[in-house]
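**Student:** My structure is below; once you've seen it, I'll send some questions.
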Amino acid sequence: MAILHQRPSTSKIVWGRIAIIVTILAWLMYVITTVVREFIEGHAQTLRFVLEAISYLLVVTFLTFSALMYLMARQGALYRFRDHQRVPRGLLEAHFDDGVERAVTVLIPSYREEPDVVSKTVWSAALQEFPRKRIVLLIDDPPQPSDRENIQLLESARALPALVMAALEEPRVRVTDGLRDLREALAGKDAVPAEVLQRIADDYRYAADWLEERARGRVIADHMDAFYVDRVLGGLAGDLRLTTIALDGALAQHEAPTPERVRQLQERLVRIFTAEVESFERKRFASLSHEANKAMNLNAYISLMGARWKEEATADGVALVAAAADEPAALDVPDSEYLLTLDADSMLLRDYCMRLVHLLEEPGNERVAVTQTPYSSYRGAPSRIERIAGATTDIQHILHQGMTYYNATFWVGANAVIRRRALEDIVERQTVAGYEISTYIQDRTVIEDTESSVDLGTHGWTLVNYPERLSYSATPPDFGSLVVQRRRWANGGLLILPKLSRQLSERRFRRDRILHREVMLRVNYMASIAWASLGLVFLLAYPYDSRLLSPWVVAAAAPYFLCMASDLRESGHRGSDVFRIYGFNLVLLAVNIAGVLKSIQQALTNAKIPFARTPKVRDRTVAPGLFVFVPYVIVAFSILTVWRNVGAQNWGNAAFAAINALLCGWALVAYIGIRNSIVDMFLGVVDWLYVPVKPRREKKGAPVPREPKPVDWAGILYHGDRRLGRDVTRKNDLRRRVSPR
């Protein structure tokens with residue numbers, strides 16, 4: 001897709017407003033002409049009908065509210081796409097040529113990633129144009145794996161930074177030498193000699209050739225490789241080649257840019273090919289948190305930034321201790337004003353870092369903590385489920401852009417530029433086992449980015465989505481990995497709602513302006529999965545009285561589906577995908593409900609839920625049998641409902657059930673597959689029935705003499721007595737007292 005969104009026409013914006021009005025009026029007409037009418041005319045004569053009417057009205061109201069929030073966010077996105085003006089490159093380069101030292105640290109959390117996947121991510125970050133950039137691969141693999149495959153993955157991740165640095169060395173040396181020669185050649189001159197301009201054009205030509213050579217040498221195994229070659233390497237090479245054409249044109253016309261502009265052009269090449277790439281493993285150090293989630297992987301490294309650390313051996317392993325100024329340090333972690341977090345399966349397009357930091361430094365944006373471009377999906381997915389999951393991703397991109405219009409932005413996690421100072425405002429520090437653990441990004445829920453967005457708002461910070469497509473991320477290639485991702489997304493929103501309430505109270509105390517639309521969008525974002533899933537269960541399972549059905553319900557839903565079909569076409573998909581997405585959501589109904597129930601469990605137990613990482617592999621991931629079985633239940637029950645309602649001549653319920661059976665059945669076949677679903681359900685039953693055989697206990701006989709274990713003297717001296725609550729001496733003394741002589 002194009003980097004810039006297509007500018008919406010006036011008629012499209014007007015139709016968007018009409019869609020909002022029609023949705024509201026249709027809901028009001030349904031309430032008045034159907035529900036209220038039944039009560040006024042005295043038809044509500046039984047308790048069952050009253051309860052049915054109330055519950056059905058609640059379900060319709062919540063679903064209509066979610067549809068209305070979609071239309072509202074979409075309308076905000078249209079306004080932003082209409083008003084967005086891209087900053088020219090000349091102004092960008094002039095902004096970063098102000099003599100201010102800027103640095104960005106790119107943090108890429110990685111856990112047992114395929115080398116090919118994470119390599120593309122690192123390269124897309126290393127080729128970003130920025131004055132000083134450090135790319136740190138945060139390897140979260142166990143430092144001493146036993147499995148051969150995991151050993152190879154860890155060794156590949158450790159070797160990757162050196163490989164990238166070595167590959168960048170040749171172009172970096174050339175363009176750096178060129179910048180030095182340029183400064184000498186332009187010293188004391190008011191005009192640029194033709195030979196100097198020719199040298200810069202040659203450097204740009206060399207840089208484009210170098211990138212194109214790497215693209216030609218890349219083996220294209222899937223659509224992500226194709227994207228990397230075409231949009232990351234090829235896109236940057238094309239941009240540099242365009243500059244070459246401009247410089248050749250200036251030479252042909254015997255003209256030249258100003259010396260200052262020429263220097264900026266050469267500095268651009270230096271910024272592109274200069275990067276520090278390294279890796280870090282928090283699990284090698286006992287003093288850092290080993291919590292199994294992405295947030296604490298990021299927090300561990302952020303807590304080390306801006307300080308020097310020495311290694312100190314303890315009984316628990318190596319600990320990092322702050323080093324004094326006159327002490328040698330084993331680890332020196334530079335600080336930076338900006339952080340860029342990037343998932344290991346994401347890629348950035350050229351200008352991402354430069355344009356987003358420029359946005360943060362524009363006047364009036366001093367309190368913007370996080371800016372991002374909500375990621376889009378890679379084109380050309382080979383499977384239906386990956387393609388339709390990508391369609392929902394592209395729809396979410398539009399909605400997140402619109403939420404910024406109402407100051408309701410949420411950090412979506414896959415990529416973001418973060419102001420370091422903002423994280424210091426929300427940090428929580430606690431002492432665990434004698435070590436200080438700093439939590440910048442909350443890990444209480446598995447949607448850590450959403451909770452951190454609320455924390456930043458509480459402290460007076462805002463978030464902004466940049467209205468361009470500059471980042472892309474992978475979507476799950478099969479149903480099993482999709483279950484992992486969507487179950488995680490459905491978990492945590494309800495837990496964060498109390499924090500949102502506290503944020504709104506704090507902002508009202510500061511006399512901040514709070515729009516009702518912002519509050520509605522935020523609540524819908526965090527809680528809509530819960531009420532939409534439960535409401536859909538009611539509509540599918542309960543045989544509501546036919547008197548509660550009305551064409552006004554269809555009229556209230558129609559603008560939502562029509563606008564979504566339009567958005568899908570604008571994003572490069574088919575308008576008919578709106579029906580496929582409906583079936584897709586039916587198949588994921590059990591997954592979403594499981595995530596909601598997990599949130600309730602976490603609220604009751606006050607325990608953290610383990611972070612389930614989405615598998616980033618090309619092979620199929622087995623899905624839990626229950627999540628595969630539920631779509632069969634939906635199809636069977638819908639067919640039964642059709643048969644019942646046709647016999648009762650309840651045509652409205654019959655039509656709704658028939659649509660559900662058709663779309664869910666099609667989604668079951670297309671997205672999961674009959675064969676794969678049978679295999680997954682069979683494995684689920686086997687796992688449920690399988691009981692591991694316990695080893696038989698040997699008969700007691702004469703004790704076999706054992707060699708005494710060596711005393712862990714270091715552990716005893718470091719921890720002291722760890723037998724807390726077990727008085728072994730007193731226990732043995734009591735045994736001696738009661739035993740017969």
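Ordering of the structure tokens sets the chain letters (A, B, ...); residue numbers start at 1 within each chain; ligands are numbered from 1 in the order shown.
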Write down as a PyMOL selection string the residues belonging to region 488-590 of chain A that are assigned helix (DSSP H, G or I) by DSSP computed on the backbone.
**Tutor:** chain A and resi 488-489+493-509+516-541+546-548+551-570+577-587+589-590
**Student:** Excluding region 26-36 of chain A and its own-chain neighbours fewer than 4 positions away, which residues fall within 9 Å of it when counting only C-alpha atoms? Please give them as a list in words.
**Tutor:** Ile21, Val22, Ile40, Glu41, Ala53, Ile54, Leu57, Val60, Thr61, Thr64, Arg547, Leu548, Leu549, Ser550, Pro551, Trp552, Val553, Val554, Ala555, Ala556 and Ala557 of chain A
**Student:** Using only C-alpha atoms, pick whichever of A:Thr462, A:Pro259, A:Arg384, A:Asp687 has the shortest atom-to-atom distance to Gly364 (chain A).
**Tutor:**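 When distances to Gly364 (chain A) are compared using only C-alpha atoms, the smallest one comes from A:Thr462.
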**Student:** So which residues touch Met564 (chain A) within 8 Å, counting only C-alpha atoms, skipping near sequence neighbours fewer than 2 positions away, as a PyMOL selection string?
**Tutor:** chain A and resi 395+560-562+566-568+575+578
**Student:** Could you produce a table of the residues of region 315-414 of chain A lying within 7 Å of region 84-107 of chain A, with the nearest pair of atoms per residue and their separation in Å rounded to one decimal, using only C-alpha atoms, ordered by chain and increasing residue number, as JSON lines?
**Tutor:**
```
{"residue": "A:Ser336", "atom": "CA", "partner": "A:Ala103", "partner_atom": "CA", "distance": 5.2}
{"residue": "A:Glu337", "atom": "CA", "partner": "A:Ala103", "partner_atom": "CA", "distance": 6.2}
{"residue": "A:Tyr338", "atom": "CA", "partner": "A:Val104", "partner_atom": "CA", "distance": 4.8}
{"residue": "A:Leu339", "atom": "CA", "partner": "A:Thr105", "partner_atom": "CA", "distance": 4.9}
{"residue": "A:Leu340", "atom": "CA", "partner": "A:Val106", "partner_atom": "CA", "distance": 4.5}
{"residue": "A:Thr341", "atom": "CA", "partner": "A:Leu107", "partner_atom": "CA", "distance": 4.9}
{"residue": "A:Leu342", "atom": "CA", "partner": "A:Leu107", "partner_atom": "CA", "distance": 6.2}
```
**Student:** State, in Å with one decimal place, the distance from CA of Arg82 (chain A) to CA of Pro8 (chain A).
**Tutor:**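 Computing the Euclidean distance for CA of Arg82 (chain A) and CA of Pro8 (chain A) yields 5.9 Å.
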**Student:** Mind dumping a table of every region 453-504 of chain A residue within 12 Å of region 220-228 of chain A, with the nearest atom pair and its distance in Å to one decimal, using only C-alpha atoms, sorted by chain and rising number, as a tab-separated table?
**Tutor:**
```
residue	atom	partner	partner_atom	distance
A:Ser471	CA	A:Phe227	CA	11.4
A:Tyr472	CA	A:Phe227	CA	9.4
A:Ser473	CA	A:Met224	CA	9.2
A:Ala474	CA	A:Met224	CA	7.9
A:Thr475	CA	A:Met224	CA	10.5
A:Pro477	CA	A:His223	CA	11.4
```
**Student:** Suppose we keep N, CA, C and O atoms; can you now write the selection as a compact mmCIF listing (two decimals), in the first residue's frame?
**Tutor:**
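Below you can see again_38.txt, which holds the result:
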```txt
# COMPACT_ATOMS: atom_id res chain seq x y z
N SER A 471 4.98 1.37 8.98
CA SER A 471 5.38 0.14 9.68
C SER A 471 4.44 -0.99 9.30
O SER A 471 3.25 -0.78 9.06
N TYR A 472 5.01 -2.18 9.26
CA TYR A 472 4.26 -3.38 8.92
C TYR A 472 4.64 -4.48 9.90
O TYR A 472 5.77 -4.52 10.39
N SER A 473 3.69 -5.36 10.16
CA SER A 473 3.95 -6.45 11.08
C SER A 473 3.25 -7.71 10.58
O SER A 473 2.25 -7.64 9.85
N ALA A 474 3.78 -8.86 11.01
CA ALA A 474 3.24 -10.14 10.55
C ALA A 474 1.93 -10.45 11.23
O ALA A 474 1.68 -10.05 12.37
N THR A 475 1.07 -11.16 10.51
CA THR A 475 -0.16 -11.69 11.08
C THR A 475 -0.02 -13.21 11.18
O THR A 475 0.70 -13.82 10.38
N PRO A 477 -0.06 -17.05 10.69
CA PRO A 477 -0.30 -17.76 9.43
C PRO A 477 -1.29 -18.92 9.54
O PRO A 477 -1.65 -19.50 8.53
```
**Student:** Which of region 427-588 of chain A counts as strand (DSSP E) under DSSP, as a list in words please?
**Tutor:**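 Here are the strand (DSSP E) residues of region 427-588 of chain A: Glu428, Arg429, Gln430, Thr431, Val432, Tyr435, Glu436, Ile437, Ser438, Thr439, Thr462, Leu463, Val464, Asn465, Ser471, Tyr472 and Ser473 of chain A.
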**Student:** Between A:Ser533, A:Tyr435, A:Arg284, A:Asp512, which one has atoms that come closest to Val321 (chain A), using only C-alpha atoms?
**Tutor:** A:Tyr435
**Student:** Within 9 Å of Tyr301 (chain A), counting only C-alpha atoms, which residues qualify if same-chain residues fewer than 3 places away don't, as an NGL selection string?
**Tutor:** :A and (107 or 138 or 280-282 or 288 or 296-298 or 304-305 or 333)
